[in-house]
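Text of input.cif (mmCIF, C-alpha atoms) as supplied:
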```cif
data_final
#
loop_
_atom_site.label_atom_id
_atom_site.label_comp_id
_atom_site.auth_asym_id
_atom_site.auth_seq_id
_atom_site.Cartn_x
_atom_site.Cartn_y
_atom_site.Cartn_z
CA ARG A 128 7.82 38.05 49.27
CA SER A 129 4.74 39.42 47.57
CA ALA A 130 1.75 37.21 46.90
CA ARG A 131 2.64 37.20 43.17
CA GLU A 132 6.22 36.05 43.90
CA ARG A 133 5.01 33.37 46.28
CA GLU A 134 2.54 32.13 43.59
CA ARG A 135 5.31 32.14 40.96
CA GLY A 136 7.57 30.22 43.31
CA ARG A 137 4.96 27.54 43.88
CA GLY A 138 4.64 27.15 40.10
CA CYS A 139 8.34 26.27 39.87
CA GLU A 140 8.22 23.50 42.46
CA MET A 141 8.35 19.89 41.26
CA ALA A 142 5.22 17.91 42.05
CA LYS A 143 5.71 14.81 44.17
CA LEU A 144 4.60 11.43 42.93
CA GLY A 145 0.84 11.15 43.21
CA GLU A 146 0.38 14.84 44.05
CA GLY A 147 0.17 16.32 40.54
CA ASP A 148 -2.74 18.40 39.37
CA ALA A 149 -5.20 16.02 37.67
CA ARG A 150 -5.76 18.56 34.93
CA TRP A 151 -2.22 17.96 33.64
CA ILE A 152 -2.09 14.18 33.99
CA VAL A 153 -2.40 12.20 30.74
CA ASP A 154 -4.41 9.03 31.38
CA ASP A 155 -5.65 6.21 29.20
CA ARG A 156 -9.05 7.65 28.48
CA LYS A 157 -11.94 5.92 26.80
CA ASP A 158 -12.56 9.00 24.72
CA GLY A 159 -8.95 9.13 23.50
CA THR A 160 -9.82 7.30 20.29
CA ASN A 161 -8.39 7.49 16.80
CA VAL A 162 -11.13 9.80 15.53
CA ASN A 163 -12.50 8.71 12.14
CA GLN A 164 -9.54 6.30 11.84
CA TRP A 165 -7.35 9.21 10.72
CA HIS A 166 -4.02 7.97 12.07
CA TRP A 167 -2.20 4.87 10.87
CA GLN A 168 -3.36 1.82 12.76
CA GLU A 169 -2.63 -1.85 12.11
CA THR A 170 -4.85 -4.74 13.20
CA ASP A 171 -3.59 -8.34 13.19
CA CYS A 172 -6.23 -10.47 11.48
CA LEU A 173 -4.55 -13.90 11.57
CA GLU A 174 -6.54 -15.27 14.51
CA TRP A 175 -9.74 -13.79 13.10
CA SER A 176 -8.97 -15.49 9.78
CA LYS A 177 -8.48 -18.85 11.48
CA GLN A 178 -11.82 -18.61 13.24
CA LYS A 179 -13.66 -17.55 10.07
CA LEU A 180 -12.13 -20.36 8.01
CA LYS A 181 -13.00 -22.90 10.69
CA ALA A 182 -16.59 -21.73 10.55
CA CYS A 183 -16.55 -22.11 6.77
CA PHE A 184 -15.10 -25.62 6.54
CA VAL A 185 -14.74 -27.61 9.76
CA GLY A 186 -17.33 -30.33 10.25
CA LYS A 187 -18.61 -30.24 6.68
CA GLU A 188 -19.33 -33.67 5.17
CA LEU A 189 -18.92 -34.01 1.40
CA VAL A 190 -20.20 -37.11 -0.41
CA VAL A 191 -17.57 -38.35 -2.86
CA LEU A 192 -18.58 -41.92 -3.84
CA ASP A 193 -21.92 -43.47 -4.66
CA GLN A 194 -21.33 -46.27 -2.18
CA GLY A 195 -22.10 -43.87 0.67
CA LYS A 196 -18.49 -42.86 1.27
CA SER A 197 -17.96 -39.22 2.17
CA VAL A 198 -15.20 -36.88 3.26
CA VAL A 199 -15.33 -35.10 6.62
CA LEU A 200 -13.33 -31.86 6.95
CA GLU A 201 -11.76 -32.12 10.40
CA SER A 202 -9.80 -28.92 11.03
CA VAL A 203 -8.15 -25.91 9.42
CA ASP A 204 -4.43 -25.09 9.55
CA VAL A 205 -3.67 -21.46 8.59
CA THR A 206 -0.13 -20.10 8.26
CA GLY A 207 1.18 -16.74 7.05
CA GLU A 208 0.02 -13.24 7.90
CA ALA A 209 -3.12 -11.15 7.62
CA TYR A 210 -3.61 -7.57 8.75
CA ILE A 211 -5.75 -4.49 8.20
CA ASN A 212 -4.11 -1.07 8.03
CA THR A 213 -6.29 1.97 8.63
CA ARG A 214 -5.22 5.44 7.52
CA LYS A 215 -7.26 8.57 6.87
CA GLY A 216 -10.45 6.56 7.23
CA LYS A 217 -9.41 4.02 4.57
CA LEU A 218 -9.08 0.28 5.16
CA ILE A 219 -6.13 -1.43 3.48
CA ALA A 220 -6.02 -5.23 3.70
CA GLY A 221 -2.78 -7.19 3.38
CA TYR A 222 -2.50 -10.95 3.58
CA GLU A 223 -0.45 -13.95 2.44
CA LEU A 224 -1.96 -17.19 3.69
CA LYS A 225 -1.55 -20.91 3.17
CA VAL A 226 -4.60 -22.92 4.21
CA GLN A 227 -4.69 -26.70 4.76
CA ILE A 228 -7.86 -28.60 5.63
CA PRO A 229 -7.20 -32.21 6.80
CA PHE A 230 -9.96 -34.74 6.12
CA LYS A 231 -10.78 -38.40 6.54
CA THR A 232 -13.21 -40.55 4.62
CA LYS A 233 -16.32 -41.87 6.30
CA SER A 234 -18.51 -44.77 5.21
CA ASN A 235 -22.18 -45.33 5.99
CA SER A 236 -21.57 -49.08 5.85
CA SER A 237 -20.18 -50.78 8.93
CA GLU A 238 -18.71 -53.51 6.70
CA ASP A 239 -16.59 -51.05 4.74
CA GLY A 240 -13.41 -50.66 6.77
CA SER A 241 -11.23 -49.13 4.05
CA GLN A 242 -10.65 -45.47 4.88
CA VAL A 243 -8.14 -42.90 3.59
CA GLU A 244 -7.12 -39.41 4.63
CA GLY A 245 -5.67 -36.34 3.02
CA LYS A 246 -5.72 -32.54 2.88
CA VAL A 247 -7.49 -29.88 0.87
CA GLU A 248 -4.89 -27.17 0.25
CA PHE A 249 -5.13 -23.55 -0.78
CA PRO A 250 -1.39 -23.02 -1.38
CA TYR A 251 -1.48 -19.23 -1.68
CA ILE A 252 -4.14 -16.70 -0.75
CA GLY A 253 -2.67 -13.23 -1.41
CA ASP A 254 -4.10 -9.71 -1.51
CA GLU A 255 -2.77 -9.15 -5.04
CA ASN A 256 -5.00 -12.01 -6.25
CA LYS A 257 -8.17 -10.94 -4.44
CA ASP A 258 -10.17 -10.65 -7.68
CA GLU A 259 -9.21 -14.13 -8.89
CA ASP A 260 -10.60 -17.53 -7.91
CA ALA A 261 -8.54 -19.22 -5.22
CA GLU A 262 -6.33 -22.11 -6.33
CA VAL A 263 -7.20 -25.39 -4.61
CA THR A 264 -5.52 -28.82 -4.64
CA VAL A 265 -6.04 -32.14 -2.87
CA VAL A 266 -3.13 -34.10 -1.39
CA MET A 267 -3.81 -37.67 -0.27
CA GLY A 268 -1.98 -39.37 2.57
CA ALA A 269 0.66 -42.01 1.75
CA THR A 270 -0.30 -45.68 1.93
CA ASP A 271 1.42 -48.99 1.09
CA ASN A 272 -1.82 -50.80 0.35
CA SER A 273 -2.64 -50.94 -3.38
CA GLU A 274 -6.39 -51.03 -2.75
CA ARG A 275 -6.19 -47.96 -0.56
CA ARG A 276 -4.09 -46.16 -3.18
CA LYS A 277 -6.82 -46.80 -5.74
CA LEU A 278 -9.43 -45.59 -3.25
CA ALA A 279 -7.34 -42.47 -2.52
CA ASP A 280 -7.09 -41.67 -6.23
CA ARG A 281 -10.86 -42.03 -6.66
CA VAL A 282 -11.59 -39.88 -3.59
CA LYS A 283 -9.24 -37.13 -4.84
CA GLN A 284 -10.76 -37.19 -8.32
CA MET A 285 -14.35 -37.09 -7.08
CA LEU A 286 -13.64 -34.48 -4.40
CA LEU A 287 -12.30 -32.08 -7.04
CA SER A 288 -14.92 -32.86 -9.68
CA LYS A 289 -17.92 -32.64 -7.31
CA HIS A 290 -16.93 -30.09 -4.68
CA LYS A 291 -14.16 -27.86 -6.08
CA SER A 292 -16.61 -25.08 -6.97
CA TRP A 293 -18.02 -25.06 -3.41
CA LEU A 294 -14.55 -25.02 -1.84
CA VAL A 295 -13.46 -22.13 -4.07
CA SER A 296 -16.66 -20.14 -3.47
CA GLU A 297 -16.27 -20.45 0.32
CA MET A 298 -12.68 -19.24 0.12
CA ASN A 299 -13.64 -16.39 -2.23
CA ALA A 300 -16.32 -15.30 0.25
CA PHE A 301 -13.74 -15.25 3.06
CA VAL A 302 -11.29 -13.24 0.90
CA LYS A 303 -14.02 -10.73 0.08
CA MET A 304 -14.84 -10.33 3.78
CA LEU A 305 -11.17 -9.88 4.73
CA SER A 306 -10.50 -7.41 1.89
CA ALA A 307 -13.49 -5.32 2.97
CA GLY A 308 -12.05 -4.85 6.47
CA GLY A 309 -12.36 -8.16 8.32
CA PRO A 310 -12.64 -7.62 12.08
CA ALA A 311 -12.52 -3.83 11.63
CA LEU A 312 -15.65 -4.03 9.49
CA GLU A 313 -17.39 -6.24 12.05
CA LYS A 314 -16.55 -3.82 14.87
CA GLY A 315 -18.09 -0.98 12.88
CA SER A 316 -21.24 -3.04 12.32
CA ALA A 317 -21.40 -3.94 16.01
CA LYS A 318 -21.21 -0.29 17.02
CA THR A 319 -23.98 0.59 14.62
CA THR A 320 -26.15 -2.27 15.86
CA SER A 321 -25.66 -1.42 19.53
CA SER A 322 -26.46 2.24 18.96
CA GLU A 323 -29.58 1.33 17.02
CA GLN A 324 -30.61 -1.09 19.78
CA LYS A 325 -30.09 1.63 22.38
CA LYS A 326 -32.33 3.97 20.45
CA SER A 327 -35.03 1.35 20.11
CA ASN A 328 -34.94 0.63 23.86
CA GLU A 329 -35.41 4.24 24.77
CA GLY A 330 -38.96 4.95 25.83
CA GLN A 331 -40.91 7.68 24.24
CA ALA A 332 -39.51 9.58 21.32
CA PRO A 333 -38.58 13.20 22.09
CA PRO A 334 -41.01 15.86 20.91
CA PRO A 335 -40.41 16.94 17.33
CA LYS A 336 -38.22 19.98 16.85
CA ALA A 337 -39.50 23.02 15.07
CA ALA A 338 -38.95 22.73 11.37
CA LYS A 339 -36.02 24.75 10.11
CA PRO A 340 -36.23 26.63 6.84
CA LYS A 341 -34.73 24.61 4.03
CA PRO A 342 -31.37 25.97 2.95
CA LYS A 343 -30.99 27.03 -0.62
CA PRO A 344 -29.40 24.29 -2.71
CA LYS A 345 -25.74 24.86 -3.43
CA PRO A 346 -24.61 24.82 -7.04
CA ALA A 347 -23.02 21.52 -8.03
CA ALA A 348 -19.28 21.62 -7.55
CA ALA A 349 -17.23 21.16 -10.68
CA LYS A 350 -15.31 17.89 -10.85
CA THR A 351 -11.68 18.54 -9.94
CA SER A 352 -9.28 18.05 -12.81
CA GLY A 353 -6.40 16.86 -10.63
CA LYS A 354 -2.75 17.31 -11.55
CA SER A 355 -1.16 17.11 -15.00
CA ILE A 356 2.18 16.19 -16.57
CA GLU A 357 3.76 16.70 -20.00
CA LEU A 358 6.60 14.80 -21.68
CA ARG A 359 8.39 15.27 -25.02
CA GLU A 360 11.18 13.06 -26.36
CA GLU A 361 12.83 12.20 -29.67
CA PHE A 362 13.17 8.67 -30.99
CA TYR A 363 15.11 7.41 -34.01
CA CYS A 364 12.32 5.53 -35.75
CA ARG A 365 9.15 6.09 -37.78
CA PRO A 366 5.91 7.30 -36.17
CA SER A 367 4.32 3.98 -37.09
CA ASP A 368 6.94 2.14 -35.00
CA LEU A 369 6.01 4.06 -31.85
CA PHE A 370 2.30 3.90 -32.62
CA GLU A 371 2.49 0.09 -32.71
CA CYS A 372 4.19 0.13 -29.28
CA TYR A 373 0.77 1.12 -27.89
CA MET A 374 -1.56 -0.77 -30.23
CA ASP A 375 0.23 -4.11 -30.79
CA PRO A 376 -0.21 -6.37 -27.71
CA ASN A 377 2.83 -8.48 -28.64
CA ARG A 378 5.06 -5.41 -28.69
CA VAL A 379 3.62 -4.22 -25.39
CA ARG A 380 4.29 -7.61 -23.78
CA ALA A 381 7.83 -7.54 -25.17
CA TYR A 382 8.93 -4.26 -23.61
CA THR A 383 6.91 -4.51 -20.38
CA GLY A 384 7.89 -8.13 -19.74
CA SER A 385 4.39 -8.83 -18.43
CA ASP A 386 0.87 -9.60 -19.54
CA ALA A 387 -1.00 -6.96 -21.54
CA LYS A 388 -4.46 -6.84 -23.07
CA ILE A 389 -4.75 -4.43 -25.99
CA VAL A 390 -7.58 -4.03 -28.51
CA PRO A 391 -6.79 -1.18 -30.98
CA LYS A 392 -10.38 0.00 -31.30
CA VAL A 393 -12.18 3.03 -29.89
CA GLY A 394 -14.27 2.10 -26.85
CA GLU A 395 -12.25 -1.02 -26.03
CA SER A 396 -10.50 -1.53 -22.70
CA PHE A 397 -6.78 -2.15 -22.25
CA SER A 398 -4.44 -3.19 -19.43
CA LEU A 399 -0.65 -3.27 -18.92
CA PHE A 400 1.70 -4.76 -16.34
CA ASN A 401 -0.67 -7.58 -15.33
CA GLY A 402 -3.51 -5.13 -14.76
CA SER A 403 -1.55 -2.51 -12.79
CA ILE A 404 -2.43 -0.02 -15.53
CA GLU A 405 -5.87 -0.05 -17.15
CA GLY A 406 -8.12 2.15 -19.20
CA LYS A 407 -10.16 2.65 -22.37
CA GLN A 408 -9.34 3.72 -25.93
CA ILE A 409 -11.05 7.09 -26.57
CA GLU A 410 -9.55 8.21 -29.90
CA ILE A 411 -7.15 6.52 -32.32
CA VAL A 412 -5.66 8.24 -35.38
CA GLN A 413 -3.29 5.89 -37.19
CA ASN A 414 0.36 6.86 -36.54
CA GLU A 415 -0.64 10.36 -35.38
CA ARG A 416 -2.63 10.50 -32.16
CA ILE A 417 -3.88 8.30 -29.29
CA VAL A 418 -6.31 9.42 -26.56
CA GLN A 419 -7.01 7.16 -23.60
CA ASP A 420 -8.76 7.16 -20.25
CA TRP A 421 -5.95 5.86 -18.04
CA ARG A 422 -5.57 4.83 -14.40
CA SER A 423 -3.26 3.01 -12.03
CA SER A 424 -4.64 0.23 -9.82
CA SER A 425 -3.23 2.08 -6.79
CA TRP A 426 -5.47 5.11 -7.43
CA PRO A 427 -8.80 5.57 -5.66
CA ALA A 428 -11.58 3.52 -7.23
CA GLY A 429 -13.24 5.06 -10.27
CA VAL A 430 -10.59 7.77 -10.82
CA PHE A 431 -9.36 8.01 -14.42
CA SER A 432 -6.97 10.49 -16.01
CA ARG A 433 -6.93 11.54 -19.67
CA VAL A 434 -3.81 10.74 -21.73
CA VAL A 435 -3.14 12.35 -25.13
CA ILE A 436 -0.14 11.05 -27.11
CA THR A 437 0.90 12.56 -30.46
CA PHE A 438 3.55 11.49 -32.99
CA SER A 439 5.27 13.83 -35.45
CA SER A 440 8.24 13.38 -37.77
CA PRO A 441 10.37 16.55 -38.28
CA SER A 442 12.76 14.61 -40.54
CA GLU A 443 13.10 11.15 -42.02
CA GLY A 444 13.98 8.50 -39.44
CA LYS A 445 13.15 10.73 -36.47
CA THR A 446 9.93 10.90 -34.45
CA ILE A 447 8.92 13.28 -31.68
CA MET A 448 6.50 11.75 -29.18
CA GLN A 449 4.60 14.13 -26.93
CA LEU A 450 2.36 13.19 -24.02
CA LYS A 451 -0.03 15.22 -21.90
CA GLN A 452 -1.84 13.60 -18.98
CA THR A 453 -4.48 15.42 -16.96
CA GLY A 454 -6.64 14.45 -13.99
CA ILE A 455 -3.94 12.68 -11.97
CA PRO A 456 -5.11 12.39 -8.32
CA GLU A 457 -2.98 14.04 -5.66
CA GLU A 458 -3.00 10.91 -3.48
CA ASP A 459 -3.19 7.22 -4.20
CA ASN A 460 -5.47 4.72 -2.49
CA TYR A 461 -3.02 4.41 0.42
CA GLY A 462 -2.73 8.11 1.20
CA ASN A 463 0.67 8.60 -0.50
CA SER A 464 1.05 12.04 -2.06
CA ASN A 465 3.74 11.19 -4.66
CA THR A 466 1.25 10.06 -7.31
CA VAL A 467 2.19 12.71 -9.88
CA ASP A 468 5.93 12.04 -9.65
CA ASN A 469 5.40 8.27 -9.79
CA THR A 470 3.26 8.65 -12.91
CA TYR A 471 5.82 10.91 -14.60
CA GLN A 472 8.73 8.58 -13.81
CA GLY A 473 6.64 5.57 -14.82
CA TRP A 474 6.20 6.93 -18.34
CA ARG A 475 9.87 7.91 -18.67
CA MET A 476 11.47 4.79 -17.20
CA GLN A 477 8.96 1.94 -17.35
CA ILE A 478 7.44 2.66 -20.76
CA TRP A 479 9.48 5.03 -22.94
CA GLY A 480 12.82 3.89 -21.50
CA ARG A 481 11.92 0.23 -22.06
CA ILE A 482 10.73 0.95 -25.62
CA ARG A 483 14.18 2.39 -26.41
CA GLN A 484 16.00 -0.57 -24.89
CA CYS A 485 13.79 -3.27 -26.36
CA PHE A 486 13.53 -1.99 -29.93
CA GLY A 487 16.73 0.05 -30.26
CA PHE A 488 15.07 3.38 -31.08
CA GLY A 489 18.06 5.35 -29.80
CA CYS A 490 18.53 8.06 -27.19
#
```
Mind turning the file's structure into structure tokens?
Amino acid sequence: RSARERERGRGCEMAKLGEGDARWIVDDRKDGTNVNQWHWQETDCLEWSKQKLKACFVGKELVVLDQGKSVVLESVDVTGEAYINTRKGKLIAGYELKVQIPFKTKSNSSEDGSQVEGKVEFPYIGDENKDEDAEVTVVMGATDNSERRKLADRVKQMLLSKHKSWLVSEMNAFVKMLSAGGPALEKGSAKTTSSEQKKSNEGQAPPPKAAKPKPKPKPAAAKTSGKSIELREEFYCRPSDLFECYMDPNRVRAYTGSDAKIVPKVGESFSLFNGSIEGKQIEIVQNERIVQDWRSSSWPAGVFSRVVITFSSPSEGKTIMQLKQTGIPEEDNYGNSNTVDNTYQGWRMQIWGRIRQCFGFGC
């Protein structure tokens, strides 16, 4: 056979175990990282959460009675789940935790032998409540002794009245840390610190490079307008009836079935569906036109769209409602690209559809 045929023949042979060309072997390499956290990655944060909460609470002594009696926080019991998802460089925290902190009373007097025990409880720490103060309760241990029951009631009352704000602030600080990235955030800080330390330990600074000519400034890029949608539907009612479905908070609560905050004044903020939708009143023309800055809580921070709603009555008892919404982002805060369709269907089903059903404005 020719040299070319012999070379081609060797290329068709199966490599034996351990004899493969190293150039084609895929190893676990240190440089095989998830560059810029682009791909989906999940980090379990439950153990990290336990350690952080222990550092916050365990060993703390809280004075509860004037007679020198105090409460000592002994341990922290954390159940539930906590994780950080990373996608396209964004950190998304998810957590549902129940935290219990057992304690016992301690007296500075050797003659005072009456002691009680109990637990400080945070019954639910969830990511949907991250902007709210944590709920905290105190549960005292059972006792058959009437004097100890009285002592337990006093300890519970004083623990909440004197130290509730501190307990809540410590938990809020933990929630803020976890929501910002938890262990993923700490790893990023550690890398930055180590690289800075390495630079500082290097001896002499390298000689300065020759100055490069300054590039001409680029013209400021225009702010992208995003996507837009338009809707038009007929309702069997007066324009004033539909207008009040946006401006009357009681009507909004009725058809959404959730909390709503509405102030029918230009410049005032509003929110629907327990804060899932929020915005500001830009223009209000009674029974004719509403203009709002409007956003979903799942959109990237600071991104608002512009909503224009008009009402017209072609004949008595009939109203045409038209909506145009511009500036809808192409992706939400989690990297999902169905934002436009979700917004369109939300108006049709969750708002206009519910208005029809709740108030009987027809099809």
Point out the residue among A:Val226, A:Leu173, A:Ile447, A:Val266 with the least atom-to-atom distance to A:Leu286, counting only C-alpha atoms.
->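 Going through A:Val226, A:Leu173, A:Ile447, A:Val266 one by one, the smallest distance to A:Leu286 is for A:Val266.
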Do you know which residues the PyMOL selection byres ((chain A and resi 436-442) around 9) returns on this file, as a PyMOL selection string?
-> chain A and resi 365-367+369-370+414-419+434-435+443-452
Residue IDs satisfying the PyMOL selection byres ((chain A and resi 298) around 9), as a list in words | Leu180, Cys183, Phe249, Ile252, Asp260, Ala261, Trp293, Leu294, Val295, Ser296, Glu297, Asn299, Ala300, Phe301, Val302 and Lys303 of chain A
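The closest residue to A:Thr170, picked from A:Ser202, A:Gln484, A:Thr213, A:Ser197 and counting only C-alpha atoms, is A:Thr213.
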Skip A:Lys231 itself and residues of its chain fewer than 3 positions away, then list as a PyMOL selection string all residues within 9 Å of it, counting all atoms listed in the file.
-> chain A and resi 197-201+242-246
Give me the result of the PyMOL selection byres ((chain A and resi 384-396) around 12) on this file, residue by residue, as a ChimeraX atom specification.
-> /A:370-383,397-413,417-422,477-478,481-482,485
To one decimal in Å, tell me the separation between atom CA of A:Lys217 and atom CA of A:Trp426.
->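 Result for atom CA of A:Lys217 versus atom CA of A:Trp426: 12.7 Å, one decimal.
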Measure the distance from atom CA of A:Met304 to atom CA of A:Val265 in Å and round it to one decimal.
->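 Atom CA of A:Val265 lies at a distance of 24.4 Å from atom CA of A:Met304.
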Students should find that atom CA of A:Lys354 and atom CA of A:Ala220 are spaced 27.4 Å
Pick from A:Pro250, A:Pro456, A:Gly489, A:Gly309: nearest to A:Gln227, with only C-alpha atoms counted?
-> A:Pro250
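When all atoms listed in the file are used to compute distances to A:Glu248, the closest of the residues A:Leu278, A:Leu224, A:Leu358, A:Val263 turns out to be A:Val263.
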Of the candidates A:Arg359, A:Arg483, A:Lys277, A:Lys283, which shows the shortest atom-to-atom distance to A:Phe230, using only C-alpha atoms?
-> A:Lys283
Have a look at A:Glu274, A:Asp254, A:Glu361, A:Glu259 and name the one nearest to A:Tyr222; count all atoms listed in the file.
->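 The shortest atom-to-atom distance to A:Tyr222 comes from A:Asp254.
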Where atoms are missing, can you supply N, CA, C and O atoms for stretch 198-215 of chain A and output the lot as a JSON list (two decimals), in the coordinates of the input?
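Saved result, rebuild_15.json, follows:
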```json
[["chain", "number", "residue", "atom", "x", "y", "z"],
["A", 198, "VAL", "N", -16.38, -37.50, 2.68],
["A", 198, "VAL", "CA", -15.20, -36.88, 3.26],
["A", 198, "VAL", "C", -15.65, -35.92, 4.35],
["A", 198, "VAL", "O", -16.55, -35.11, 4.14],
["A", 199, "VAL", "N", -15.01, -36.00, 5.52],
["A", 199, "VAL", "CA", -15.33, -35.10, 6.62],
["A", 199, "VAL", "C", -14.14, -34.16, 6.84],
["A", 199, "VAL", "O", -13.02, -34.62, 7.09],
["A", 200, "LEU", "N", -14.38, -32.86, 6.73],
["A", 200, "LEU", "CA", -13.33, -31.86, 6.95],
["A", 200, "LEU", "C", -13.15, -31.67, 8.45],
["A", 200, "LEU", "O", -14.08, -31.25, 9.14],
["A", 201, "GLU", "N", -11.95, -32.02, 8.95],
["A", 201, "GLU", "CA", -11.76, -32.12, 10.40],
["A", 201, "GLU", "C", -11.26, -30.84, 11.07],
["A", 201, "GLU", "O", -11.62, -30.54, 12.20],
["A", 202, "SER", "N", -10.38, -30.11, 10.41],
["A", 202, "SER", "CA", -9.80, -28.92, 11.03],
["A", 202, "SER", "C", -9.27, -28.00, 9.94],
["A", 202, "SER", "O", -9.34, -28.33, 8.75],
["A", 203, "VAL", "N", -8.74, -26.86, 10.36],
["A", 203, "VAL", "CA", -8.15, -25.91, 9.42],
["A", 203, "VAL", "C", -6.81, -25.45, 9.98],
["A", 203, "VAL", "O", -6.73, -25.02, 11.14],
["A", 204, "ASP", "N", -5.77, -25.56, 9.16],
["A", 204, "ASP", "CA", -4.43, -25.09, 9.55],
["A", 204, "ASP", "C", -4.10, -23.88, 8.69],
["A", 204, "ASP", "O", -4.00, -24.00, 7.46],
["A", 205, "VAL", "N", -3.93, -22.71, 9.31],
["A", 205, "VAL", "CA", -3.67, -21.46, 8.59],
["A", 205, "VAL", "C", -2.30, -20.93, 8.99],
["A", 205, "VAL", "O", -2.03, -20.73, 10.18],
["A", 206, "THR", "N", -1.44, -20.70, 8.01],
["A", 206, "THR", "CA", -0.13, -20.10, 8.26],
["A", 206, "THR", "C", 0.06, -18.88, 7.37],
["A", 206, "THR", "O", -0.56, -18.77, 6.31],
["A", 207, "GLY", "N", 0.92, -17.97, 7.80],
["A", 207, "GLY", "CA", 1.18, -16.74, 7.05],
["A", 207, "GLY", "C", 0.83, -15.52, 7.87],
["A", 207, "GLY", "O", 0.97, -15.52, 9.10],
["A", 208, "GLU", "N", 0.38, -14.48, 7.21],
["A", 208, "GLU", "CA", 0.02, -13.24, 7.90],
["A", 208, "GLU", "C", -1.20, -12.61, 7.26],
["A", 208, "GLU", "O", -1.48, -12.79, 6.07],
["A", 209, "ALA", "N", -1.94, -11.89, 8.09],
["A", 209, "ALA", "CA", -3.12, -11.15, 7.62],
["A", 209, "ALA", "C", -3.29, -9.95, 8.53],
["A", 209, "ALA", "O", -3.21, -10.07, 9.76],
["A", 210, "TYR", "N", -3.49, -8.79, 7.94],
["A", 210, "TYR", "CA", -3.61, -7.57, 8.75],
["A", 210, "TYR", "C", -4.48, -6.56, 8.00],
["A", 210, "TYR", "O", -4.67, -6.63, 6.78],
["A", 211, "ILE", "N", -5.01, -5.61, 8.75],
["A", 211, "ILE", "CA", -5.75, -4.49, 8.20],
["A", 211, "ILE", "C", -5.08, -3.20, 8.66],
["A", 211, "ILE", "O", -4.91, -2.99, 9.86],
["A", 212, "ASN", "N", -4.66, -2.38, 7.71],
["A", 212, "ASN", "CA", -4.11, -1.07, 8.03],
["A", 212, "ASN", "C", -5.20, -0.02, 7.80],
["A", 212, "ASN", "O", -5.90, -0.06, 6.79],
["A", 213, "THR", "N", -5.31, 0.89, 8.74],
["A", 213, "THR", "CA", -6.29, 1.97, 8.63],
["A", 213, "THR", "C", -5.55, 3.30, 8.61],
["A", 213, "THR", "O", -4.70, 3.55, 9.47],
["A", 214, "ARG", "N", -5.86, 4.12, 7.60],
["A", 214, "ARG", "CA", -5.22, 5.44, 7.52],
["A", 214, "ARG", "C", -6.17, 6.40, 6.82],
["A", 214, "ARG", "O", -6.71, 6.08, 5.76],
["A", 215, "LYS", "N", -6.38, 7.54, 7.42],
["A", 215, "LYS", "CA", -7.26, 8.57, 6.87],
["A", 215, "LYS", "C", -8.64, 8.00, 6.54],
["A", 215, "LYS", "O", -9.23, 8.32, 5.52]]
```
